[in-house]
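Visitor: So here's target04.tsv, just TSV, C-alpha atoms:
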```tsv
chain	number	residue	atom	x	y	z
O	1	ASP	CA	13.39	-0.95	14.84
O	2	ALA	CA	9.63	-1.44	15.06
O	3	GLY	CA	9.05	0.38	11.81
O	4	VAL	CA	6.89	3.44	11.27
O	5	ILE	CA	4.25	3.60	13.98
O	6	GLN	CA	0.97	5.37	13.47
O	7	SER	CA	-1.83	5.94	15.92
O	8	PRO	CA	-4.67	5.45	16.12
O	9	ARG	CA	-5.32	2.68	13.61
O	10	HIS	CA	-8.96	3.60	13.37
O	11	GLU	CA	-10.72	6.85	14.18
O	12	VAL	CA	-14.40	7.62	13.96
O	13	THR	CA	-15.42	11.17	14.65
O	14	GLU	CA	-18.31	13.49	14.11
O	15	MET	CA	-18.27	16.26	11.56
O	16	GLY	CA	-16.82	19.43	12.99
O	17	GLN	CA	-14.59	17.74	15.51
O	18	GLU	CA	-10.82	18.07	15.61
O	19	VAL	CA	-8.84	15.00	14.61
O	20	THR	CA	-5.15	14.41	15.31
O	21	LEU	CA	-3.20	11.62	13.66
O	22	ARG	CA	0.21	10.67	15.00
O	23	CYS	CA	3.34	9.19	13.52
O	24	LYS	CA	6.67	7.97	14.83
O	25	PRO	CA	9.16	7.50	11.99
O	26	ILE	CA	11.99	5.00	11.90
O	27	SER	CA	14.91	6.21	13.98
O	28	GLY	CA	17.58	7.84	11.85
O	29	HIS	CA	15.30	8.61	8.93
O	30	ASP	CA	15.36	12.26	7.99
O	31	TYR	CA	12.39	12.32	5.61
O	32	LEU	CA	8.80	11.99	6.73
O	33	PHE	CA	5.78	11.90	4.44
O	34	TRP	CA	2.03	12.06	4.95
O	35	TYR	CA	-0.12	10.41	2.27
O	36	ARG	CA	-3.88	10.07	1.94
O	37	GLN	CA	-5.56	7.15	0.21
O	38	THR	CA	-9.11	7.30	-1.15
O	39	MET	CA	-10.96	5.31	-3.75
O	40	MET	CA	-11.47	8.35	-5.93
O	41	ARG	CA	-8.02	9.92	-5.78
O	42	GLY	CA	-5.76	6.99	-4.92
O	43	LEU	CA	-2.58	7.70	-2.96
O	44	GLU	CA	-1.70	11.36	-2.84
O	45	LEU	CA	1.08	13.14	-1.02
O	46	LEU	CA	-0.14	15.73	1.45
O	47	ILE	CA	3.11	17.06	2.90
O	48	TYR	CA	6.65	15.99	3.58
O	49	PHE	CA	9.39	17.02	5.99
O	50	ASN	CA	13.16	16.91	5.77
O	51	ASN	CA	15.02	17.13	9.07
O	52	ASN	CA	11.78	18.22	10.76
O	53	VAL	CA	11.25	21.13	8.34
O	54	PRO	CA	8.19	21.12	6.04
O	55	ILE	CA	9.46	21.12	2.47
O	56	ASP	CA	6.36	20.75	0.33
O	57	ASP	CA	2.81	21.16	1.59
O	58	SER	CA	1.23	21.75	-1.78
O	59	GLY	CA	-0.83	18.59	-1.39
O	60	MET	CA	-2.58	19.75	1.76
O	61	PRO	CA	-6.18	20.12	0.64
O	62	GLU	CA	-7.11	23.25	2.56
O	63	ASP	CA	-6.52	25.29	5.65
O	64	ARG	CA	-8.37	22.79	7.78
O	65	PHE	CA	-5.32	20.53	7.48
O	66	SER	CA	-2.09	21.19	9.32
O	67	ALA	CA	1.00	19.10	10.04
O	68	LYS	CA	3.86	19.49	12.45
O	69	MET	CA	7.09	17.73	13.24
O	70	PRO	CA	8.35	19.09	16.57
O	71	ASN	CA	11.26	16.63	16.68
O	72	ALA	CA	12.87	13.86	14.68
O	73	SER	CA	10.75	11.16	16.29
O	74	PHE	CA	7.24	12.55	16.10
O	75	SER	CA	4.82	14.13	13.67
O	76	THR	CA	1.14	15.00	13.73
O	77	LEU	CA	-1.47	15.64	11.09
O	78	LYS	CA	-4.42	17.62	12.34
O	79	ILE	CA	-7.79	18.24	10.74
O	80	GLN	CA	-9.94	20.98	12.26
O	81	PRO	CA	-12.84	21.00	11.68
O	82	SER	CA	-13.26	17.57	10.13
O	83	GLU	CA	-15.73	16.91	7.30
O	84	PRO	CA	-17.17	13.67	5.88
O	85	ARG	CA	-15.08	14.09	2.70
O	86	ASP	CA	-11.95	13.77	4.85
O	87	SER	CA	-12.77	10.10	5.38
O	88	ALA	CA	-9.79	8.16	4.07
O	89	VAL	CA	-6.77	6.13	5.09
O	90	TYR	CA	-3.87	8.35	6.10
O	91	PHE	CA	-0.38	6.92	5.80
O	92	CYS	CA	2.83	8.14	7.30
O	93	ALA	CA	6.11	7.05	5.71
O	94	SER	CA	9.77	7.72	6.37
O	95	SER	CA	13.01	7.28	4.47
O	96	SER	CA	16.70	7.78	5.04
O	97	GLY	CA	17.24	10.19	2.17
O	98	ASP	CA	20.43	8.40	1.22
O	99	ARG	CA	19.75	7.98	-2.49
O	100	ALA	CA	23.05	6.30	-3.13
O	101	SER	CA	22.18	3.28	-1.06
O	102	ASN	CA	18.56	3.26	-0.05
O	103	THR	CA	15.63	5.01	-1.59
O	104	GLU	CA	12.95	2.90	0.04
O	105	ALA	CA	10.13	4.64	1.86
O	106	PHE	CA	8.80	2.62	4.79
O	107	PHE	CA	5.10	3.01	5.48
O	108	GLY	CA	3.15	2.78	8.67
O	109	GLN	CA	-0.03	0.72	8.98
O	110	GLY	CA	-2.18	3.74	8.24
O	111	THR	CA	-5.03	5.37	10.13
O	112	ARG	CA	-8.51	4.78	8.78
O	113	LEU	CA	-10.47	7.95	9.46
O	114	THR	CA	-14.24	8.01	9.24
O	115	VAL	CA	-16.05	11.30	9.69
O	116	VAL	CA	-19.79	10.93	10.18
U	1	ALA	CA	4.87	17.14	-13.20
U	2	GLN	CA	5.24	13.40	-13.26
U	3	THR	CA	2.27	11.13	-13.77
U	4	VAL	CA	1.93	7.38	-13.38
U	5	THR	CA	-0.79	5.38	-15.12
U	6	GLN	CA	-1.92	1.85	-14.40
U	7	SER	CA	-4.45	0.89	-17.04
U	8	GLN	CA	-5.65	-2.37	-15.44
U	9	PRO	CA	-7.96	-1.69	-12.48
U	10	GLU	CA	-8.38	-5.42	-11.80
U	11	MET	CA	-6.78	-8.70	-12.79
U	12	SER	CA	-7.41	-12.28	-11.83
U	13	VAL	CA	-5.35	-15.42	-12.48
U	14	GLN	CA	-5.11	-18.98	-11.26
U	15	GLU	CA	-2.55	-20.01	-8.71
U	16	ALA	CA	0.84	-20.93	-10.25
U	17	GLU	CA	0.19	-18.87	-13.38
U	18	THR	CA	2.29	-15.95	-14.49
U	19	VAL	CA	0.74	-12.49	-14.51
U	20	THR	CA	1.99	-9.14	-15.79
U	21	LEU	CA	0.84	-5.79	-14.44
U	22	SER	CA	1.28	-2.73	-16.64
U	23	CYS	CA	2.51	0.73	-15.74
U	24	THR	CA	3.40	3.75	-17.83
U	25	TYR	CA	4.71	7.08	-16.64
U	26	ASP	CA	5.44	10.50	-17.93
U	27	THR	CA	8.47	12.57	-17.00
U	28	SER	CA	10.99	14.92	-18.53
U	29	GLU	CA	13.68	13.73	-16.14
U	30	SER	CA	16.38	11.28	-17.24
U	31	ASN	CA	17.36	9.96	-13.81
U	32	TYR	CA	14.73	8.55	-11.50
U	33	TYR	CA	13.54	5.50	-9.62
U	34	LEU	CA	10.54	3.31	-10.25
U	35	PHE	CA	8.88	1.07	-7.69
U	36	TRP	CA	6.19	-1.52	-7.31
U	37	TYR	CA	4.44	-1.58	-3.94
U	38	LYS	CA	2.06	-4.26	-2.73
U	39	GLN	CA	-0.87	-3.50	-0.44
U	40	PRO	CA	-2.54	-6.64	0.93
U	41	PRO	CA	-5.85	-6.52	2.81
U	42	SER	CA	-3.90	-5.69	5.96
U	43	ARG	CA	-3.38	-2.24	4.39
U	44	GLN	CA	0.40	-2.32	4.89
U	45	MET	CA	2.38	-0.88	1.95
U	46	ILE	CA	5.21	-3.25	1.11
U	47	LEU	CA	7.99	-2.59	-1.38
U	48	VAL	CA	8.13	-5.37	-3.95
U	49	ILE	CA	10.83	-4.22	-6.32
U	50	ARG	CA	12.83	-1.14	-7.31
U	51	GLN	CA	14.44	-0.07	-10.60
U	52	GLU	CA	16.98	2.68	-11.14
U	53	ALA	CA	16.42	4.38	-14.48
U	54	TYR	CA	20.15	4.58	-15.18
U	55	LYS	CA	20.46	0.79	-15.02
U	56	GLN	CA	19.65	-1.05	-18.22
U	57	GLN	CA	19.33	-4.41	-16.50
U	58	ASN	CA	15.83	-5.25	-15.35
U	59	ALA	CA	15.46	-5.74	-11.61
U	60	THR	CA	14.44	-9.13	-10.22
U	61	GLU	CA	13.43	-10.26	-6.74
U	62	ASN	CA	12.72	-13.98	-6.57
U	63	ARG	CA	9.39	-14.52	-8.38
U	64	PHE	CA	9.05	-10.82	-9.19
U	65	SER	CA	10.70	-9.16	-12.16
U	66	VAL	CA	10.20	-6.00	-14.17
U	67	ASN	CA	10.33	-5.09	-17.82
U	68	PHE	CA	11.70	-1.56	-17.89
U	69	GLN	CA	11.47	0.19	-21.24
U	70	LYS	CA	12.89	3.66	-20.69
U	71	ALA	CA	12.23	5.02	-24.17
U	72	ALA	CA	8.64	3.88	-24.02
U	73	LYS	CA	8.31	5.00	-20.37
U	74	SER	CA	6.94	1.61	-19.47
U	75	PHE	CA	7.52	-0.38	-16.29
U	76	SER	CA	5.63	-3.65	-16.03
U	77	LEU	CA	5.74	-6.16	-13.18
U	78	LYS	CA	5.79	-9.89	-13.83
U	79	ILE	CA	4.85	-12.31	-11.09
U	80	SER	CA	5.86	-15.88	-11.83
U	81	ASP	CA	4.37	-18.95	-10.17
U	82	SER	CA	1.72	-16.79	-8.52
U	83	GLN	CA	0.64	-17.68	-4.99
U	84	LEU	CA	-2.51	-17.01	-3.01
U	85	GLY	CA	-0.51	-14.61	-0.83
U	86	ASP	CA	0.13	-12.43	-3.86
U	87	THR	CA	-3.51	-11.30	-3.76
U	88	ALA	CA	-3.31	-7.55	-3.13
U	89	MET	CA	-3.44	-4.09	-4.64
U	90	TYR	CA	-0.29	-3.29	-6.57
U	91	PHE	CA	0.90	0.27	-7.02
U	92	CYS	CA	3.48	1.54	-9.46
U	93	ALA	CA	5.37	4.59	-8.22
U	94	PHE	CA	7.89	7.14	-9.50
U	95	MET	CA	10.51	9.16	-7.68
U	96	ASN	CA	13.03	11.66	-9.00
U	97	LEU	CA	16.67	10.84	-8.40
U	98	TRP	CA	17.33	14.41	-7.38
U	99	GLY	CA	15.17	17.10	-5.91
U	100	ALA	CA	12.01	16.27	-4.04
U	101	GLN	CA	12.20	12.76	-2.62
U	102	LYS	CA	8.52	12.00	-2.92
U	103	LEU	CA	6.65	9.13	-4.50
U	104	VAL	CA	4.04	9.64	-7.21
U	105	PHE	CA	1.69	6.67	-7.36
U	106	GLY	CA	-0.48	5.15	-10.03
U	107	GLN	CA	-4.11	4.31	-9.31
U	108	GLY	CA	-3.33	0.69	-8.54
U	109	THR	CA	-4.26	-2.74	-9.90
U	110	ARG	CA	-6.27	-5.14	-7.79
U	111	LEU	CA	-4.80	-8.61	-8.32
U	112	THR	CA	-6.64	-11.73	-7.25
U	113	ILE	CA	-4.98	-15.14	-7.26
U	114	ASN	CA	-7.57	-17.91	-7.40
U	115	PRO	CA	-6.97	-21.39	-6.00
```
Translate this file's structure into structure tokens.

Guide:
Amino acid sequence: DAGVIQSPRHEVTEMGQEVTLRCKPISGHDYLFWYRQTMMRGLELLIYFNNNVPIDDSGMPEDRFSAKMPNASFSTLKIQPSEPRDSAVYFCASSSGDRASNTEAFFGQGTRLTVV
Amino acid sequence: AQTVTQSQPEMSVQEAETVTLSCTYDTSESNYYLFWYKQPPSRQMILVIRQEAYKQQNATENRFSVNFQKAAKSFSLKISDSQLGDTAMYFCAFMNLWGAQKLVFGQGTRLTINP
């Protein structure tokens, strides 16, 4: 498996524009996580899915953020409208959920978002 | 809610030296996992080592080992014979054994290995 694949790797957009980040988890993993990394707040969980269903979105900063997982192999994180304070690295991660044998979360390469 | 604290924002050692990174956490749970992740300049998050709280034996992975003190809620990472490739951000993370399978991260320690 190629691992968790995120696209794009870099995104520069103007304030007010819609931004969509994409993630393909590892095949067979039933958990998918979206994290945001900033200098000020470190790594924080935004939302996570189990079997394509959102379980906890309490970390989503505000209504401008939304995430979907239409099927087991694809998820999106959308910001509309974007603001400069949304500039960060956004990570997607997936895991098998089998705590007896493997608790490791595998991370994608991240998307560096810059909103100007 | 669980919290993870890394009190050393930055550390620097010479190549081949041994370095220890500190991590403390707060939880009311008795069963959980603890992790150390490495983030090199490439930005990729890489699992270094994992510890199950119900295991008394400290985890080891080659040059990497942990000192897990459950009562003190302490989880330090020791890197022996440090190499230039160990230069990275290191994050300590916590996950409940049951319930929400999500990682709670510390703020990270920037480790520099000097030649």

Visitor: Go through chain U and flag each residue having an atom no more than 10 Å from chain O; for those, report the closest pair of atoms plus their distance in Å to one decimal, using only C-alpha atoms, ordered by chain and rising number, as CSV.

Guide:
```
residue,atom,partner,partner_atom,distance
U:Tyr33,CA,O:Thr103,CA,8.3
U:Phe35,CA,O:Glu104,CA,8.9
U:Ser42,CA,O:Gln109,CA,8.1
U:Arg43,CA,O:Gln109,CA,6.4
U:Gln44,CA,O:Gln109,CA,5.1
U:Met45,CA,O:Phe107,CA,5.9
U:Ile46,CA,O:Phe107,CA,7.6
U:Leu47,CA,O:Glu104,CA,7.5
U:Ile49,CA,O:Glu104,CA,9.8
U:Arg50,CA,O:Glu104,CA,8.4
U:Glu52,CA,O:Thr103,CA,9.9
U:Phe91,CA,O:Leu43,CA,9.2
U:Met95,CA,O:Thr103,CA,9.0
U:Leu97,CA,O:Arg99,CA,7.3
U:Trp98,CA,O:Arg99,CA,8.4
U:Ala100,CA,O:Asp56,CA,8.4
U:Gln101,CA,O:Gly97,CA,7.4
U:Lys102,CA,O:Leu45,CA,7.8
U:Leu103,CA,O:Leu45,CA,7.7
U:Val104,CA,O:Glu44,CA,7.4
U:Phe105,CA,O:Leu43,CA,6.2
U:Gly106,CA,O:Gly42,CA,7.6
U:Gln107,CA,O:Gly42,CA,5.4
U:Gly108,CA,O:Gly42,CA,7.7
```

Visitor: Would you please work out which residue, of O:Val19, O:Val12, O:Ile26, O:Val53, is nearest to O:Ser82 when using only C-alpha atoms?

Guide: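 The answer is O:Val19, which sits nearest to O:Ser82.
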
Visitor: Set the distance at 7 Å and use only C-alpha atoms: which residues neighbour U:Val13 once local chain neighbours fewer than 3 positions away are removed? I'd like the list as a VMD selection string.

Guide: chain U and resid 17 112 to 114

Visitor: Calculate how many Å separate atom CA of O:Gly28 from atom CA of U:Ala93, rounding to one decimal.

Guide: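 Result for atom CA of O:Gly28 versus atom CA of U:Ala93: 23.7 Å, one decimal.
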
Visitor: Using only C-alpha atoms, pick whichever of U:Ser80, U:Cys92, U:Gln57, U:Phe64 has the shortest atom-to-atom distance to U:Glu15.

Guide: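 Nearest candidate to U:Glu15 out of U:Ser80, U:Cys92, U:Gln57, U:Phe64: U:Ser80.
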
Visitor: Find the spatial neighbours of U:Ser12, counting only C-alpha atoms, within a cut-off of 12 Å - ignore same-chain residues fewer than 5 positions away - and output them as a list of chain:residue names.

Guide: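 My list of contacting residues is U:Glu17, U:Thr18, U:Val19, U:Thr20, U:Leu21, U:Ser82, U:Gln83, U:Leu84, U:Asp86, U:Thr87, U:Ala88, U:Met89, U:Thr109, U:Arg110, U:Leu111, U:Thr112, U:Ile113, U:Asn114, U:Pro115.
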
Visitor: To one decimal in Å, tell me the separation between atom CA of O:Ser75 and atom CA of O:Cys23.

Guide: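 Going from atom CA of O:Ser75 over to atom CA of O:Cys23 covers 5.2 Å.
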
Visitor: Identify, on the basis of all atoms listed in the file, every residue whose closest approach to O:Arg64 does not exceed 9 Å; exclude the query and any residue fewer than 3 positions from it along the same chain; express the result as number ranges by chain.

Guide: O: 60-61, 78-82

Visitor: What is the atom CA of O:Leu46-atom CA of O:Met15 distance in Å, reported with one decimal?

Guide: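 Distance between the two atoms: 20.8 Å.
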
Visitor: List as a compact mmCIF listing (two decimals) with C-alpha atoms, in the coordinates of the input the protein and nucleic acid residues near U:Lys70, meaning an atom at most 9 Å away when all atoms listed in the file are counted, but skip any in the same chain fewer than 4 places from it.

Guide:
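Final output, out-v1.txt:
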```
# COMPACT_ATOMS: atom_id res chain seq x y z
CA ALA U 53 16.42 4.38 -14.48
CA GLN U 56 19.65 -1.05 -18.22
CA SER U 74 6.94 1.61 -19.47
CA PHE U 75 7.52 -0.38 -16.29
```

Visitor: U:Val66: which residues within 8 Å, counting all atoms listed in the file, same-chain residues fewer than 2 positions away excluded, as a list of chain:residue names?

Guide: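 Once the adjacent positions are removed, what remains is U:Asn58, U:Ala59, U:Thr60, U:Phe64, U:Phe68, U:Phe75, U:Ser76, U:Leu77, U:Lys78.
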
Visitor: Smallest atom-to-atom distance to O:Asn51: which of O:Thr76, O:Ser94, O:Trp34, O:Asp63, using only C-alpha atoms?

Guide: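 Among the listed residues, the smallest separation from O:Asn51 belongs to O:Ser94.
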
Visitor: From the set U:Glu10, U:Asn96, U:Thr5, U:Leu34, which residue has the shortest atom-to-atom contact distance to U:Asn67, counting all atoms listed in the file?

Guide: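 Between U:Glu10, U:Asn96, U:Thr5, U:Leu34, the residue approaching U:Asn67 most closely is U:Leu34.
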